[in-house]
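Enquirer: Structure below; questions to follow.
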Amino acid sequence: MRSRKSDNMKIKVGVIFGGETVEHEISIISAVQAMNYIDQEKYDIIPIYISKDRIWYTGKMLMEMDVYKDFDSLKKYAKKVTLVKTEEGFCLQSTKGLFRKTVATLDVAFPIVHGKGAEDGSLAGYLDMIGIPYVGSDILGASLGQDKVVMKQVMESDHIPVPKYTWFYDTEYLSDSNKILKEIKEIGYPVIVKPAKLGSSIGITVAKTEKEIDKCINEAIKYDKKIVVEQTIPNLLEVNCAVLGNYEFAETSAIAEMLTKNDFLTYEDKYIGSGKGKAGKKINNSGKMSNSEMVIPARIDKDLEKKVKELSLKTFRSLNLSGVARIDFLINKETKEVFVNEPNTIPGSLSFYMWKPLGKNYQTLLDDMIKIAIKGYKDSSKKTTSFESNILSTFNGSKGMKNKTGM
């Protein structure tokens, strides 16, 4: 049994996951997996689960996957909380009763959320307002990493190659579809139609001909008001490369080659596959990684490997990312053209399997991510964020500012 003193010396890490998002279940899998790999000799893990109705819960029971198979029946054993800053520090307070009792205190937050309403900067903004150190990208990086249109615009401005695309809002398509269809035709069929702010391939379809495009657009509109339509890359090879770090220093993982019989990696490819990898790589169905079949390291030549890693680091920097991000690439195998598809600012399983070939196990990766967050917080704390001012002393209510004579 560990002593009370040693427990008090541990860094208290609040792992935040769930949320009102179509990727809710994927977030649970990623978070429970990570919580079971974080070094418990070094860190005190406090699970913070956000249900689909946006209620926050805590309790050690939330570290067990079986809880979520029947959460409605078991949630009475968890504590409803809110995250606030008090004189005690960063606290999880009970929402029950007249006086809000502190349930736990935190030193650092570790968001493991996926999708719109969570990963898109919403949670980062909340954590910034409270002032707590947290793992991963700040609100700008998270927002850029979630919007498939704005990220392309930023990458283009930094000369990062992306597939040809067009984008529009749902109302624009409903009011003037002919204009949009003309723009899509100029890209050339087949095209991929995507909701702009979702992940895990949800709502994504391929229109091989003009006859199919309307159906595909309407499928995407079910999920988002903003739609992006991209060219498909011929002779396609999909590879991923993860990046760990921040604006000061970043390193790349091994490159993974993704395998699928479909036109793109579907939700089923990623999470409901056969569970068998290639090249002797076993994929664990218990949530150790996605079910996409892959080869690690990717079967590409040295020049392509170098280019993918260089573009990974450039994309990471350009989009203001931090922590671990996975950059997804589309390669034309014949021409060797490389395009950045998109970043994943909080990738499923935190892409730990892409670091294992380099000798970095999951526990070490999680430790590195927390260290980066703490160092970043300390560095930011040294910056000037406010200054002494007597401006309020010269403010004269509804009359505005007094002049130098007080009139």
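Letters for chains follow the order of the structure tokens (A, B, ...), residue numbers begin at 1 for each chain, and ligand numbers begin at 1 in the order shown.
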Which polymer residues have any atom within 9 Å of an atom of region 45-51 of chain A, counting only C-alpha atoms, with same-chain residues fewer than 2 positions away left out, as a PyMOL selection string?

Expert: chain A and resi 11-20+24+28+31-32+35+38+40+43+53-63+81+104-106

Enquirer: May I have the residues from that selection written out with N, CA, C and O atoms, as a short mmCIF file (atom, residue, chain, number, x, y, z; two decimals), in the first residue's frame?

Expert:
```
data_model
loop_
_atom_site.label_atom_id
_atom_site.label_comp_id
_atom_site.auth_asym_id
_atom_site.auth_seq_id
_atom_site.Cartn_x
_atom_site.Cartn_y
_atom_site.Cartn_z
N ILE A 11 1.77 14.08 -9.23
CA ILE A 11 1.10 15.08 -10.05
C ILE A 11 -0.32 14.59 -10.34
O ILE A 11 -0.52 13.46 -10.78
N LYS A 12 -1.30 15.44 -10.07
CA LYS A 12 -2.70 15.04 -10.22
C LYS A 12 -3.17 15.40 -11.63
O LYS A 12 -3.26 16.58 -11.98
N VAL A 13 -3.46 14.36 -12.39
CA VAL A 13 -3.83 14.52 -13.80
C VAL A 13 -5.31 14.22 -14.00
O VAL A 13 -5.76 13.09 -13.74
N GLY A 14 -6.05 15.21 -14.44
CA GLY A 14 -7.47 15.02 -14.75
C GLY A 14 -7.65 14.67 -16.21
O GLY A 14 -7.44 15.53 -17.08
N VAL A 15 -8.00 13.43 -16.50
CA VAL A 15 -8.20 12.98 -17.89
C VAL A 15 -9.66 13.25 -18.27
O VAL A 15 -10.59 12.68 -17.69
N ILE A 16 -9.85 14.14 -19.23
CA ILE A 16 -11.19 14.57 -19.64
C ILE A 16 -11.56 13.89 -20.95
O ILE A 16 -10.79 13.93 -21.92
N PHE A 17 -12.75 13.30 -21.00
CA PHE A 17 -13.14 12.56 -22.21
C PHE A 17 -14.66 12.50 -22.33
O PHE A 17 -15.38 12.91 -21.42
N GLY A 18 -15.13 12.01 -23.48
CA GLY A 18 -16.57 11.94 -23.76
C GLY A 18 -17.03 13.17 -24.51
O GLY A 18 -16.39 13.63 -25.46
N GLY A 19 -18.15 13.73 -24.08
CA GLY A 19 -18.69 14.94 -24.69
C GLY A 19 -19.82 14.67 -25.66
O GLY A 19 -20.05 13.54 -26.07
N GLU A 20 -20.52 15.73 -26.00
CA GLU A 20 -21.64 15.62 -26.94
C GLU A 20 -21.07 15.67 -28.36
O GLU A 20 -21.00 16.71 -29.00
N HIS A 24 -18.10 10.22 -29.48
CA HIS A 24 -18.14 10.02 -28.03
C HIS A 24 -17.53 8.69 -27.61
O HIS A 24 -16.67 8.63 -26.72
N ILE A 28 -14.06 7.57 -25.34
CA ILE A 28 -14.02 6.70 -24.16
C ILE A 28 -12.94 5.64 -24.30
O ILE A 28 -12.14 5.40 -23.39
N ALA A 31 -9.47 7.21 -23.99
CA ALA A 31 -9.17 7.71 -22.65
C ALA A 31 -8.95 6.57 -21.65
O ALA A 31 -8.01 6.61 -20.85
N VAL A 32 -9.83 5.57 -21.67
CA VAL A 32 -9.68 4.44 -20.74
C VAL A 32 -8.36 3.73 -21.00
O VAL A 32 -7.62 3.36 -20.07
N MET A 35 -5.56 5.98 -19.58
CA MET A 35 -5.54 5.99 -18.12
C MET A 35 -4.90 4.73 -17.55
O MET A 35 -4.29 4.75 -16.48
N ILE A 38 -0.92 5.33 -18.10
CA ILE A 38 -0.21 6.41 -17.40
C ILE A 38 0.49 5.83 -16.17
O ILE A 38 -0.05 4.99 -15.45
N GLN A 40 1.27 5.23 -12.80
CA GLN A 40 0.57 5.51 -11.55
C GLN A 40 1.51 5.65 -10.36
O GLN A 40 1.08 6.01 -9.26
N TYR A 43 1.90 9.64 -11.28
CA TYR A 43 0.71 10.47 -11.45
C TYR A 43 -0.50 9.88 -10.72
O TYR A 43 -0.69 8.66 -10.69
N ASP A 53 -25.16 14.25 -22.50
CA ASP A 53 -26.00 15.38 -22.12
C ASP A 53 -25.20 16.46 -21.37
O ASP A 53 -25.75 17.28 -20.66
N ARG A 54 -23.86 16.41 -21.52
CA ARG A 54 -22.92 17.43 -21.06
C ARG A 54 -22.79 17.53 -19.55
O ARG A 54 -22.38 18.57 -19.02
N ILE A 55 -23.12 16.48 -18.83
CA ILE A 55 -22.91 16.44 -17.40
C ILE A 55 -21.53 15.83 -17.12
O ILE A 55 -21.16 14.83 -17.73
N TRP A 56 -20.79 16.48 -16.21
CA TRP A 56 -19.44 16.03 -15.89
C TRP A 56 -19.47 15.10 -14.68
O TRP A 56 -20.13 15.40 -13.68
N TYR A 57 -18.75 13.97 -14.76
CA TYR A 57 -18.69 13.00 -13.68
C TYR A 57 -17.24 12.68 -13.35
O TYR A 57 -16.35 12.77 -14.22
N THR A 58 -17.00 12.28 -12.10
CA THR A 58 -15.69 11.75 -11.73
C THR A 58 -15.85 10.57 -10.80
O THR A 58 -16.93 10.35 -10.24
N GLY A 59 -14.79 9.81 -10.64
CA GLY A 59 -14.80 8.60 -9.83
C GLY A 59 -13.88 7.57 -10.44
O GLY A 59 -13.81 7.44 -11.67
N LYS A 60 -13.15 6.83 -9.62
CA LYS A 60 -12.19 5.85 -10.12
C LYS A 60 -12.86 4.78 -10.98
O LYS A 60 -12.22 4.18 -11.85
N MET A 61 -14.14 4.51 -10.75
CA MET A 61 -14.87 3.52 -11.53
C MET A 61 -14.84 3.85 -13.03
O MET A 61 -14.94 2.97 -13.88
N LEU A 62 -14.66 5.14 -13.34
CA LEU A 62 -14.69 5.58 -14.73
C LEU A 62 -13.43 5.19 -15.51
O LEU A 62 -13.34 5.43 -16.71
N MET A 63 -12.49 4.54 -14.82
CA MET A 63 -11.30 4.03 -15.50
C MET A 63 -11.54 2.65 -16.09
O MET A 63 -10.66 2.10 -16.78
N VAL A 81 -19.77 16.68 -11.15
CA VAL A 81 -18.84 17.74 -10.75
C VAL A 81 -18.79 18.86 -11.78
O VAL A 81 -19.28 18.73 -12.90
N ALA A 104 -12.02 16.73 -5.71
CA ALA A 104 -10.62 16.46 -6.04
C ALA A 104 -9.97 17.74 -6.52
O ALA A 104 -10.65 18.67 -6.98
N THR A 105 -8.66 17.81 -6.39
CA THR A 105 -7.90 18.93 -6.95
C THR A 105 -7.03 18.40 -8.09
O THR A 105 -6.65 17.23 -8.10
N LEU A 106 -6.72 19.27 -9.03
CA LEU A 106 -5.95 18.89 -10.21
C LEU A 106 -4.72 19.76 -10.35
O LEU A 106 -4.74 20.94 -9.97
#
```

Enquirer: Would you kindly return, as a PyMOL selection string, each protein, DNA or RNA residue with an atom no farther than 9 Å from any atom of region 368-384 of chain A, considering only C-alpha atoms and excluding same-chain residues fewer than 2 positions away?

Expert: chain A and resi 13+108-110+132-136+244-246+322-324+363-366+386-387

Enquirer: Residues of region 116-304 of chain A classed as strand (DSSP E) by DSSP on the backbone are to be reported as a PyMOL selection string.

Expert: chain A and resi 165-169+191-195+205-207+226-231+236-245+250-259+293-295

Enquirer: Of the residues A:Thr394, A:Thr232, A:Asn332, A:Ser157, which is the one nearest to Ile300 (chain A), using only C-alpha atoms?

Expert: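 Comparing A:Thr394, A:Thr232, A:Asn332, A:Ser157 against Ile300 (chain A), the winner is A:Asn332.
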
Enquirer: For Glu334 (chain A), which residue among A:Val295, A:Asp367, A:Pro234, A:Glu251 is the nearest when counting only C-alpha atoms?

Expert: A:Pro234

Enquirer: May I have the residues within 8 Å of region 197-214 of chain A as number ranges by chain, using only C-alpha atoms and disregarding those fewer than 2 positions away in the same chain?

Expert: A: 23, 114-116, 120, 146-148, 185, 189-195, 216-220, 222-224, 226, 263, 265-267, 270

Enquirer: Could those selected residues go to a file with C-alpha atoms, as a PDB file, in the first residue's frame?

Expert:
```
ATOM      1  CA  GLU A  23     -17.107  10.429 -31.680  1.00  0.00           C
ATOM      2  CA  HIS A 114     -12.629  13.674 -30.295  1.00  0.00           C
ATOM      3  CA  GLY A 115     -14.771  15.698 -32.662  1.00  0.00           C
ATOM      4  CA  LYS A 116     -16.916  18.802 -32.835  1.00  0.00           C
ATOM      5  CA  ASP A 120     -12.443  21.674 -31.877  1.00  0.00           C
ATOM      6  CA  GLN A 146     -10.925  20.498 -36.706  1.00  0.00           C
ATOM      7  CA  ASP A 147     -12.119  22.679 -39.593  1.00  0.00           C
ATOM      8  CA  LYS A 148     -11.167  20.959 -42.865  1.00  0.00           C
ATOM      9  CA  LYS A 185     -17.147  19.604 -61.962  1.00  0.00           C
ATOM     10  CA  TYR A 189     -14.944  13.377 -60.699  1.00  0.00           C
ATOM     11  CA  PRO A 190     -14.634  11.257 -58.631  1.00  0.00           C
ATOM     12  CA  VAL A 191     -14.638  13.511 -55.572  1.00  0.00           C
ATOM     13  CA  ILE A 192     -14.823  13.004 -51.814  1.00  0.00           C
ATOM     14  CA  VAL A 193     -17.563  14.871 -49.932  1.00  0.00           C
ATOM     15  CA  LYS A 194     -16.951  15.633 -46.251  1.00  0.00           C
ATOM     16  CA  PRO A 195     -18.586  17.450 -43.351  1.00  0.00           C
ATOM     17  CA  CYS A 216     -23.411  12.650 -51.149  1.00  0.00           C
ATOM     18  CA  ILE A 217     -23.772  16.342 -50.327  1.00  0.00           C
ATOM     19  CA  ASN A 218     -27.068  15.747 -48.550  1.00  0.00           C
ATOM     20  CA  GLU A 219     -25.455  12.973 -46.505  1.00  0.00           C
ATOM     21  CA  ALA A 220     -22.737  15.390 -45.349  1.00  0.00           C
ATOM     22  CA  LYS A 222     -26.886  15.732 -42.011  1.00  0.00           C
ATOM     23  CA  TYR A 223     -23.802  16.264 -39.863  1.00  0.00           C
ATOM     24  CA  ASP A 224     -22.547  19.777 -40.566  1.00  0.00           C
ATOM     25  CA  LYS A 226     -20.147  23.482 -43.753  1.00  0.00           C
ATOM     26  CA  ASP A 263     -12.001   4.575 -51.640  1.00  0.00           C
ATOM     27  CA  LEU A 265     -10.630   4.773 -44.678  1.00  0.00           C
ATOM     28  CA  THR A 266     -14.194   4.409 -43.414  1.00  0.00           C
ATOM     29  CA  TYR A 267     -15.458   4.406 -39.830  1.00  0.00           C
ATOM     30  CA  LYS A 270     -11.001   2.238 -38.354  1.00  0.00           C
TER      31      LYS A 270
END
```

Enquirer: Need the shell around region 337-351 of chain A: protein/DNA/RNA residues with any atom at most 7 Å away, counting only C-alpha atoms. Skip same-chain ones fewer than 6 positions apart. Format as a list in words?

Expert: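 Residues meeting the cut-off are Ser30, Ile112, Val113, His114, Ser137, Ala142, Gly145, Pro161, Val162, Pro163, Ala242, Lys288, Met289, Val324, Ala325, Arg326, Ile327, Asp328, Phe329, Leu330 and Ile331 of chain A.
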
Enquirer: Could you please take those selected residues and save C-alpha atoms as a PDB file, in the first residue's frame?

Expert:
```
ATOM      1  CA  SER A  30      -8.892   6.265 -26.174  1.00  0.00           C
ATOM      2  CA  ILE A 112      -8.678  12.966 -24.716  1.00  0.00           C
ATOM      3  CA  VAL A 113     -11.730  14.075 -26.647  1.00  0.00           C
ATOM      4  CA  HIS A 114     -12.629  13.674 -30.295  1.00  0.00           C
ATOM      5  CA  SER A 137      -3.068  22.098 -28.642  1.00  0.00           C
ATOM      6  CA  ALA A 142      -7.488  22.795 -31.894  1.00  0.00           C
ATOM      7  CA  GLY A 145      -7.176  21.153 -36.721  1.00  0.00           C
ATOM      8  CA  PRO A 161       0.376  20.825 -50.697  1.00  0.00           C
ATOM      9  CA  VAL A 162      -3.299  19.881 -50.316  1.00  0.00           C
ATOM     10  CA  PRO A 163      -5.725  18.269 -52.804  1.00  0.00           C
ATOM     11  CA  ALA A 242       2.558  11.398 -35.817  1.00  0.00           C
ATOM     12  CA  LYS A 288      -5.295  -0.768 -27.973  1.00  0.00           C
ATOM     13  CA  MET A 289      -5.539   0.852 -31.391  1.00  0.00           C
ATOM     14  CA  VAL A 324       0.679  14.538 -30.101  1.00  0.00           C
ATOM     15  CA  ALA A 325      -0.961  15.049 -33.483  1.00  0.00           C
ATOM     16  CA  ARG A 326      -1.283  12.592 -36.353  1.00  0.00           C
ATOM     17  CA  ILE A 327      -0.863  13.998 -39.847  1.00  0.00           C
ATOM     18  CA  ASP A 328      -2.622  12.044 -42.599  1.00  0.00           C
ATOM     19  CA  PHE A 329      -1.218  12.007 -46.139  1.00  0.00           C
ATOM     20  CA  LEU A 330      -2.426  11.092 -49.632  1.00  0.00           C
ATOM     21  CA  ILE A 331       0.259   9.979 -52.091  1.00  0.00           C
TER      22      ILE A 331
END
```

Enquirer: Do you have the CA of Ser27 (chain A)-CA of Gly121 (chain A) distance handy?

Expert: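 That distance, rounded to one decimal, is 15.3 Å.
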
Enquirer: Among region 145-370 of chain A, which residues does DSSP mark as alpha helix (DSSP H) when it is run on the backbone? Keep the chain and numbering as in the structure and answer as a PyMOL selection string.

Expert: chain A and resi 145-146+148-157+170-175+177-187+210-221+267-271+302-318+362-370

Enquirer: So how far away is CA of Ser143 (chain A) from CA of Ser122 (chain A), in Å?

Expert: 8.1 Å

Enquirer: Interatomic distance between CA of Val239 (chain A) and CA of Pro297 (chain A)?

Expert: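 It comes out at 9.8 Å.
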
Enquirer: Write out as a compact mmCIF listing (two decimals) with C-alpha atoms, in the first residue's frame which residues come within 10 Å of Met129 (chain A) when counting only C-alpha atoms, dropping same-chain ones fewer than 4 positions away.

Expert:
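Below you can see around_14.txt, which holds the result:
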```
# COMPACT_ATOMS: atom_id res chain seq x y z
CA VAL A 84 -13.39 25.56 -11.26
CA LYS A 85 -10.47 27.56 -9.91
CA LEU A 123 -12.71 22.42 -24.31
CA ALA A 124 -9.34 24.15 -24.76
CA GLY A 125 -11.07 27.52 -24.48
```
